[in-house]
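One structure is given here, and the rest of the page talks about it.
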Amino acid sequence: TQLLEQSPQFLSIQEGENLTVYCNSSSVFSSLQWYRQEPGEGPVLLVTVVTGGEVKKLKRLTFQFGDARKDSSLHITAAQPGDTGLYLCAGNTGGFKTIFGAGTRLFVKA
Amino acid sequence: NAGVTQTPKFRILKIGQSMTLQCTQDMNHNYMYWYRQDPGMGLKLIYYSVGAGITDKGEVPNGYNVSRSTTEDFPLRLELAAPSQTSVYFCASRLDNNSNQPQHFGDGTRLSIL
């Protein structure tokens with residue numbers, strides 16, 4: 001069974017702080033995606049990383065795919081209250097199926 | 001541009017009742033999925049479909065059924081509701097079998113079985 005473990009499960013920080021969220025697996029993925037979910041809504045795609053070692057930036061968010069394509073990290077610089085939400089990583093092995101992690105719930109206090 | 005639309009948003013059922021969760025997408029996507037999301041457990045795949053007339057079981061299919069008579073619609077049916085089926089249900093769609101494509105999610109149906 002393929003598993004994606006996310007850590008931490010919950011994070012509460014002050015506005016302006018930096019944070020990193022991790023997504024780890026023993027499986028190799030062809031690509032990995034990060035989604036953000038707000039209360040009462042479905043997940044929305046933030047980024048897809050495909051190549052081992054790849055780094056992508058989305059404003060204050062930096063995403064990295066591990067060299068072996070088994071893990072990924074999301075770093076947020078100078079977090080803002082608008083970053084509050086559930087962050088999900090999702091691994092793809094090709095074809096129809098996507099494996100989702102349990103998520104990291106982030107709360108940024110003003 | 002509606003994307004993926006789920007109805008109803010909320011529902012309370014009694015044990016043993018049946019209901020259908022509706023899902024429709026207007027993006028002409030071939031792949032559609034049903035997930036359930038429980039606290040701290042992530043998204044678990046219930047059923048999926050790769051095109052009209054084709055459906056298959058996911059990770060947790062017991063107690064559910066689906067159909068895909070058109071490209072647009074992918075309803076999920078609960079025949080005999082049980083408390084273990086209390087959850088938030090999400091429908092999603094993806095254009096094709098390119099796994100780098102994003103899945104587009106509806107806003108979910110929150111279902112309570114009492």
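How things are named: the first chain in the structure tokens is A, the next is B, and so on; residues count from 1 in each chain; ligands count from 1 in the order shown.
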Extract, using only C-alpha atoms, all DNA, RNA and protein residues at most 7 Å from Ala52 in chain B, discarding same-chain residues fewer than 6 positions from it, and format them as an MDAnalysis selection string.
chainID B and resid 68:71
Create the file for the chosen residues now, containing N, CA and C atoms and written as a tab-separated table (two decimals), in the first residue's frame.
```tsv
chain	number	residue	atom	x	y	z
B	68	ARG	N	-22.12	5.96	-14.68
B	68	ARG	CA	-21.60	7.05	-15.54
B	68	ARG	C	-22.25	6.90	-16.91
B	69	SER	N	-23.48	7.36	-17.00
B	69	SER	CA	-24.22	7.24	-18.26
B	69	SER	C	-23.85	8.34	-19.24
B	70	THR	N	-23.33	9.47	-18.74
B	70	THR	CA	-22.90	10.56	-19.61
B	70	THR	C	-21.51	11.02	-19.17
B	71	THR	N	-20.84	11.78	-20.02
B	71	THR	CA	-19.53	12.33	-19.64
B	71	THR	C	-19.67	13.29	-18.47
```
Give the strand (DSSP E or B) residues of range 23-108 of chain A, as DSSP finds them on the backbone, and put them as a JSON list (two decimals) with N, CA, C and O atoms, in the first residue's frame.
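Wrote it out as result-v2.json, contents follow:
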```json
[["chain", "number", "residue", "atom", "x", "y", "z"],
["A", 23, "CYS", "N", 6.31, 16.17, 3.12],
["A", 23, "CYS", "CA", 5.50, 15.09, 2.56],
["A", 23, "CYS", "C", 6.46, 13.97, 2.19],
["A", 23, "CYS", "O", 7.35, 14.17, 1.37],
["A", 24, "ASN", "N", 6.31, 12.80, 2.84],
["A", 24, "ASN", "CA", 7.29, 11.71, 2.68],
["A", 24, "ASN", "C", 6.63, 10.39, 2.33],
["A", 24, "ASN", "O", 5.52, 10.09, 2.79],
["A", 31, "SER", "N", 5.02, 12.16, -10.42],
["A", 31, "SER", "CA", 4.84, 13.58, -10.15],
["A", 31, "SER", "C", 4.18, 13.73, -8.79],
["A", 31, "SER", "O", 3.63, 12.77, -8.24],
["A", 32, "LEU", "N", 4.27, 14.92, -8.25],
["A", 32, "LEU", "CA", 3.66, 15.19, -6.96],
["A", 32, "LEU", "C", 2.98, 16.55, -7.03],
["A", 32, "LEU", "O", 3.52, 17.49, -7.63],
["A", 33, "GLN", "N", 1.82, 16.62, -6.43],
["A", 33, "GLN", "CA", 1.06, 17.87, -6.45],
["A", 33, "GLN", "C", 0.77, 18.34, -5.03],
["A", 33, "GLN", "O", 0.67, 17.54, -4.11],
["A", 34, "TRP", "N", 0.68, 19.66, -4.89],
["A", 34, "TRP", "CA", 0.25, 20.26, -3.64],
["A", 34, "TRP", "C", -1.08, 20.98, -3.89],
["A", 34, "TRP", "O", -1.22, 21.72, -4.86],
["A", 35, "TYR", "N", -2.03, 20.72, -3.00],
["A", 35, "TYR", "CA", -3.34, 21.35, -3.04],
["A", 35, "TYR", "C", -3.55, 22.13, -1.75],
["A", 35, "TYR", "O", -3.01, 21.78, -0.70],
["A", 36, "ARG", "N", -4.38, 23.15, -1.83],
["A", 36, "ARG", "CA", -4.79, 23.90, -0.65],
["A", 36, "ARG", "C", -6.32, 23.85, -0.55],
["A", 36, "ARG", "O", -7.03, 24.04, -1.55],
["A", 37, "GLN", "N", -6.81, 23.58, 0.66],
["A", 37, "GLN", "CA", -8.24, 23.45, 0.86],
["A", 37, "GLN", "C", -8.69, 24.40, 1.97],
["A", 37, "GLN", "O", -8.11, 24.39, 3.06],
["A", 44, "VAL", "N", -7.80, 22.85, -4.05],
["A", 44, "VAL", "CA", -7.44, 23.57, -5.28],
["A", 44, "VAL", "C", -5.95, 23.39, -5.50],
["A", 44, "VAL", "O", -5.15, 23.57, -4.57],
["A", 45, "LEU", "N", -5.58, 23.05, -6.73],
["A", 45, "LEU", "CA", -4.18, 22.79, -7.05],
["A", 45, "LEU", "C", -3.32, 24.05, -6.90],
["A", 45, "LEU", "O", -3.68, 25.11, -7.40],
["A", 46, "LEU", "N", -2.17, 23.89, -6.21],
["A", 46, "LEU", "CA", -1.18, 24.96, -6.14],
["A", 46, "LEU", "C", -0.07, 24.74, -7.17],
["A", 46, "LEU", "O", 0.31, 25.67, -7.88],
["A", 47, "VAL", "N", 0.46, 23.51, -7.22],
["A", 47, "VAL", "CA", 1.61, 23.26, -8.08],
["A", 47, "VAL", "C", 1.73, 21.77, -8.37],
["A", 47, "VAL", "O", 1.24, 20.93, -7.60],
["A", 48, "THR", "N", 2.37, 21.46, -9.49],
["A", 48, "THR", "CA", 2.76, 20.09, -9.83],
["A", 48, "THR", "C", 4.27, 20.07, -10.04],
["A", 48, "THR", "O", 4.79, 20.91, -10.78],
["A", 49, "VAL", "N", 4.97, 19.15, -9.38],
["A", 49, "VAL", "CA", 6.41, 18.98, -9.61],
["A", 49, "VAL", "C", 6.62, 17.61, -10.23],
["A", 49, "VAL", "O", 5.99, 16.63, -9.82],
["A", 55, "VAL", "N", 12.51, 22.61, -8.17],
["A", 55, "VAL", "CA", 12.05, 23.64, -7.25],
["A", 55, "VAL", "C", 11.13, 24.59, -8.02],
["A", 55, "VAL", "O", 11.48, 25.05, -9.11],
["A", 56, "LYS", "N", 9.94, 24.83, -7.45],
["A", 56, "LYS", "CA", 9.02, 25.78, -8.06],
["A", 56, "LYS", "C", 8.61, 26.81, -7.03],
["A", 56, "LYS", "O", 8.43, 26.48, -5.86],
["A", 57, "LYS", "N", 8.48, 28.06, -7.50],
["A", 57, "LYS", "CA", 8.07, 29.13, -6.59],
["A", 57, "LYS", "C", 6.75, 29.72, -7.05],
["A", 57, "LYS", "O", 6.51, 29.93, -8.24],
["A", 58, "LEU", "N", 5.90, 29.99, -6.07],
["A", 58, "LEU", "CA", 4.62, 30.62, -6.30],
["A", 58, "LEU", "C", 4.50, 31.73, -5.26],
["A", 58, "LEU", "O", 4.07, 31.51, -4.13],
["A", 61, "LEU", "N", 5.54, 31.03, -1.69],
["A", 61, "LEU", "CA", 5.56, 29.58, -1.49],
["A", 61, "LEU", "C", 6.64, 28.96, -2.37],
["A", 61, "LEU", "O", 6.72, 29.27, -3.57],
["A", 62, "THR", "N", 7.47, 28.10, -1.78],
["A", 62, "THR", "CA", 8.50, 27.39, -2.53],
["A", 62, "THR", "C", 8.27, 25.89, -2.35],
["A", 62, "THR", "O", 8.19, 25.39, -1.22],
["A", 63, "PHE", "N", 8.19, 25.19, -3.46],
["A", 63, "PHE", "CA", 7.93, 23.75, -3.47],
["A", 63, "PHE", "C", 9.17, 23.04, -4.01],
["A", 63, "PHE", "O", 9.78, 23.48, -4.97],
["A", 64, "GLN", "N", 9.53, 21.93, -3.37],
["A", 64, "GLN", "CA", 10.67, 21.15, -3.83],
["A", 64, "GLN", "C", 10.31, 19.68, -3.90],
["A", 64, "GLN", "O", 9.66, 19.15, -3.00],
["A", 65, "PHE", "N", 10.72, 19.02, -4.97],
["A", 65, "PHE", "CA", 10.55, 17.59, -5.15],
["A", 65, "PHE", "C", 11.89, 16.92, -4.84],
["A", 65, "PHE", "O", 12.93, 17.37, -5.34],
["A", 71, "ASP", "N", 9.72, 12.31, -1.95],
["A", 71, "ASP", "CA", 9.33, 13.25, -0.94],
["A", 71, "ASP", "C", 9.27, 14.66, -1.50],
["A", 71, "ASP", "O", 9.81, 14.95, -2.59],
["A", 72, "SER", "N", 8.64, 15.55, -0.76],
["A", 72, "SER", "CA", 8.50, 16.93, -1.20],
["A", 72, "SER", "C", 8.36, 17.83, 0.02],
["A", 72, "SER", "O", 8.01, 17.37, 1.11],
["A", 73, "SER", "N", 8.64, 19.10, -0.18],
["A", 73, "SER", "CA", 8.46, 20.06, 0.89],
["A", 73, "SER", "C", 7.82, 21.32, 0.34],
["A", 73, "SER", "O", 7.94, 21.65, -0.85],
["A", 74, "LEU", "N", 7.11, 22.00, 1.23],
["A", 74, "LEU", "CA", 6.48, 23.29, 0.93],
["A", 74, "LEU", "C", 6.98, 24.28, 1.97],
["A", 74, "LEU", "O", 6.80, 24.06, 3.18],
["A", 75, "HIS", "N", 7.63, 25.34, 1.52],
["A", 75, "HIS", "CA", 8.13, 26.37, 2.44],
["A", 75, "HIS", "C", 7.37, 27.66, 2.18],
["A", 75, "HIS", "O", 7.22, 28.08, 1.02],
["A", 76, "ILE", "N", 6.85, 28.25, 3.24],
["A", 76, "ILE", "CA", 6.16, 29.53, 3.13],
["A", 76, "ILE", "C", 6.98, 30.59, 3.86],
["A", 76, "ILE", "O", 7.33, 30.42, 5.04],
["A", 85, "GLY", "N", -5.18, 27.39, 6.06],
["A", 85, "GLY", "CA", -5.91, 26.37, 5.31],
["A", 85, "GLY", "C", -5.30, 25.00, 5.53],
["A", 85, "GLY", "O", -4.37, 24.83, 6.31],
["A", 86, "LEU", "N", -5.84, 24.02, 4.81],
["A", 86, "LEU", "CA", -5.34, 22.64, 4.85],
["A", 86, "LEU", "C", -4.51, 22.41, 3.60],
["A", 86, "LEU", "O", -5.00, 22.60, 2.49],
["A", 87, "TYR", "N", -3.27, 22.02, 3.78],
["A", 87, "TYR", "CA", -2.37, 21.77, 2.66],
["A", 87, "TYR", "C", -2.21, 20.27, 2.46],
["A", 87, "TYR", "O", -1.81, 19.56, 3.38],
["A", 88, "LEU", "N", -2.54, 19.82, 1.27],
["A", 88, "LEU", "CA", -2.51, 18.39, 0.94],
["A", 88, "LEU", "C", -1.46, 18.12, -0.11],
["A", 88, "LEU", "O", -1.40, 18.83, -1.12],
["A", 89, "CYS", "N", -0.64, 17.11, 0.11],
["A", 89, "CYS", "CA", 0.22, 16.66, -0.98],
["A", 89, "CYS", "C", -0.41, 15.43, -1.61],
["A", 89, "CYS", "O", -1.16, 14.69, -0.95],
["A", 90, "ALA", "N", -0.14, 15.23, -2.88],
["A", 90, "ALA", "CA", -0.76, 14.14, -3.63],
["A", 90, "ALA", "C", 0.26, 13.56, -4.60],
["A", 90, "ALA", "O", 0.84, 14.31, -5.40],
["A", 91, "GLY", "N", 0.48, 12.26, -4.52],
["A", 91, "GLY", "CA", 1.46, 11.61, -5.38],
["A", 91, "GLY", "C", 0.81, 10.84, -6.50],
["A", 91, "GLY", "O", -0.21, 10.16, -6.30],
["A", 92, "ASN", "N", 1.39, 10.94, -7.67],
["A", 92, "ASN", "CA", 0.87, 10.25, -8.86],
["A", 92, "ASN", "C", 1.88, 9.20, -9.33],
["A", 92, "ASN", "O", 3.08, 9.46, -9.38],
["A", 98, "THR", "N", -4.37, 8.78, -7.80],
["A", 98, "THR", "CA", -3.58, 9.74, -7.04],
["A", 98, "THR", "C", -3.68, 9.38, -5.57],
["A", 98, "THR", "O", -4.77, 9.11, -5.06],
["A", 99, "ILE", "N", -2.55, 9.38, -4.87],
["A", 99, "ILE", "CA", -2.51, 9.09, -3.43],
["A", 99, "ILE", "C", -2.42, 10.41, -2.69],
["A", 99, "ILE", "O", -1.49, 11.20, -2.94],
["A", 100, "PHE", "N", -3.34, 10.66, -1.76],
["A", 100, "PHE", "CA", -3.34, 11.91, -1.00],
["A", 100, "PHE", "C", -2.80, 11.68, 0.40],
["A", 100, "PHE", "O", -3.09, 10.67, 1.05],
["A", 104, "THR", "N", -1.74, 18.97, 6.22],
["A", 104, "THR", "CA", -1.22, 19.81, 7.30],
["A", 104, "THR", "C", -2.16, 20.99, 7.44],
["A", 104, "THR", "O", -2.38, 21.73, 6.48],
["A", 105, "ARG", "N", -2.73, 21.12, 8.63],
["A", 105, "ARG", "CA", -3.65, 22.24, 8.86],
["A", 105, "ARG", "C", -2.85, 23.41, 9.42],
["A", 105, "ARG", "O", -2.29, 23.33, 10.50],
["A", 106, "LEU", "N", -2.81, 24.51, 8.67],
["A", 106, "LEU", "CA", -2.04, 25.70, 9.02],
["A", 106, "LEU", "C", -2.97, 26.81, 9.47],
["A", 106, "LEU", "O", -3.96, 27.10, 8.80],
["A", 107, "PHE", "N", -2.61, 27.42, 10.62],
["A", 107, "PHE", "CA", -3.35, 28.58, 11.12],
["A", 107, "PHE", "C", -2.35, 29.70, 11.35],
["A", 107, "PHE", "O", -1.40, 29.54, 12.12],
["A", 108, "VAL", "N", -2.55, 30.81, 10.65],
["A", 108, "VAL", "CA", -1.66, 31.96, 10.79],
["A", 108, "VAL", "C", -2.40, 33.07, 11.52],
["A", 108, "VAL", "O", -3.42, 33.59, 11.04]]
```
Residue neighbourhood Glu72 in chain B, 7 Å, only C-alpha atoms, exclusion window fewer than 4 positions, as a ChimeraX atom specification:
/B:24-26,28
Kindly give the distance, in Å, that separates CA of Ser26 in chain A and CA of Glu59 in chain B, rounded to a single decimal.
19.1 Å
Give the residues of chain A that lie within 6 Å of chain B; count only C-alpha atoms, and format the answer as a PDB file with N, CA and C atoms, in the first residue's frame.
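Result file result-v3.pdb:
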```pdb
ATOM      1  N   GLU A  41     -14.881  24.046   1.188  1.00  0.00           N
ATOM      2  CA  GLU A  41     -14.557  24.007  -0.236  1.00  0.00           C
ATOM      3  C   GLU A  41     -13.727  22.776  -0.551  1.00  0.00           C
ATOM      4  N   GLY A  42     -13.616  22.476  -1.839  1.00  0.00           N
ATOM      5  CA  GLY A  42     -12.756  21.376  -2.253  1.00  0.00           C
ATOM      6  C   GLY A  42     -11.325  21.837  -2.415  1.00  0.00           C
ATOM      7  N   GLY A  94       1.220   7.621 -12.265  1.00  0.00           N
ATOM      8  CA  GLY A  94       0.845   7.462 -13.665  1.00  0.00           C
ATOM      9  C   GLY A  94      -0.536   6.869 -13.772  1.00  0.00           C
ATOM     10  N   GLY A  95      -1.262   7.160 -14.811  1.00  0.00           N
ATOM     11  CA  GLY A  95      -2.592   6.601 -14.951  1.00  0.00           C
ATOM     12  C   GLY A  95      -3.635   7.353 -14.145  1.00  0.00           C
ATOM     13  N   PHE A  96      -4.610   6.598 -13.629  1.00  0.00           N
ATOM     14  CA  PHE A  96      -5.772   7.251 -13.055  1.00  0.00           C
ATOM     15  C   PHE A  96      -5.610   7.628 -11.591  1.00  0.00           C
ATOM     16  N   PHE A 100      -3.342  10.662  -1.763  1.00  0.00           N
ATOM     17  CA  PHE A 100      -3.341  11.909  -1.000  1.00  0.00           C
ATOM     18  C   PHE A 100      -2.795  11.679   0.403  1.00  0.00           C
ATOM     19  N   GLY A 101      -2.005  12.652   0.877  1.00  0.00           N
ATOM     20  CA  GLY A 101      -1.626  12.662   2.279  1.00  0.00           C
ATOM     21  C   GLY A 101      -2.780  13.143   3.132  1.00  0.00           C
ATOM     22  N   ALA A 102      -2.634  13.008   4.457  1.00  0.00           N
ATOM     23  CA  ALA A 102      -3.706  13.403   5.383  1.00  0.00           C
ATOM     24  C   ALA A 102      -3.792  14.918   5.555  1.00  0.00           C
TER      25      ALA A 102
END
```
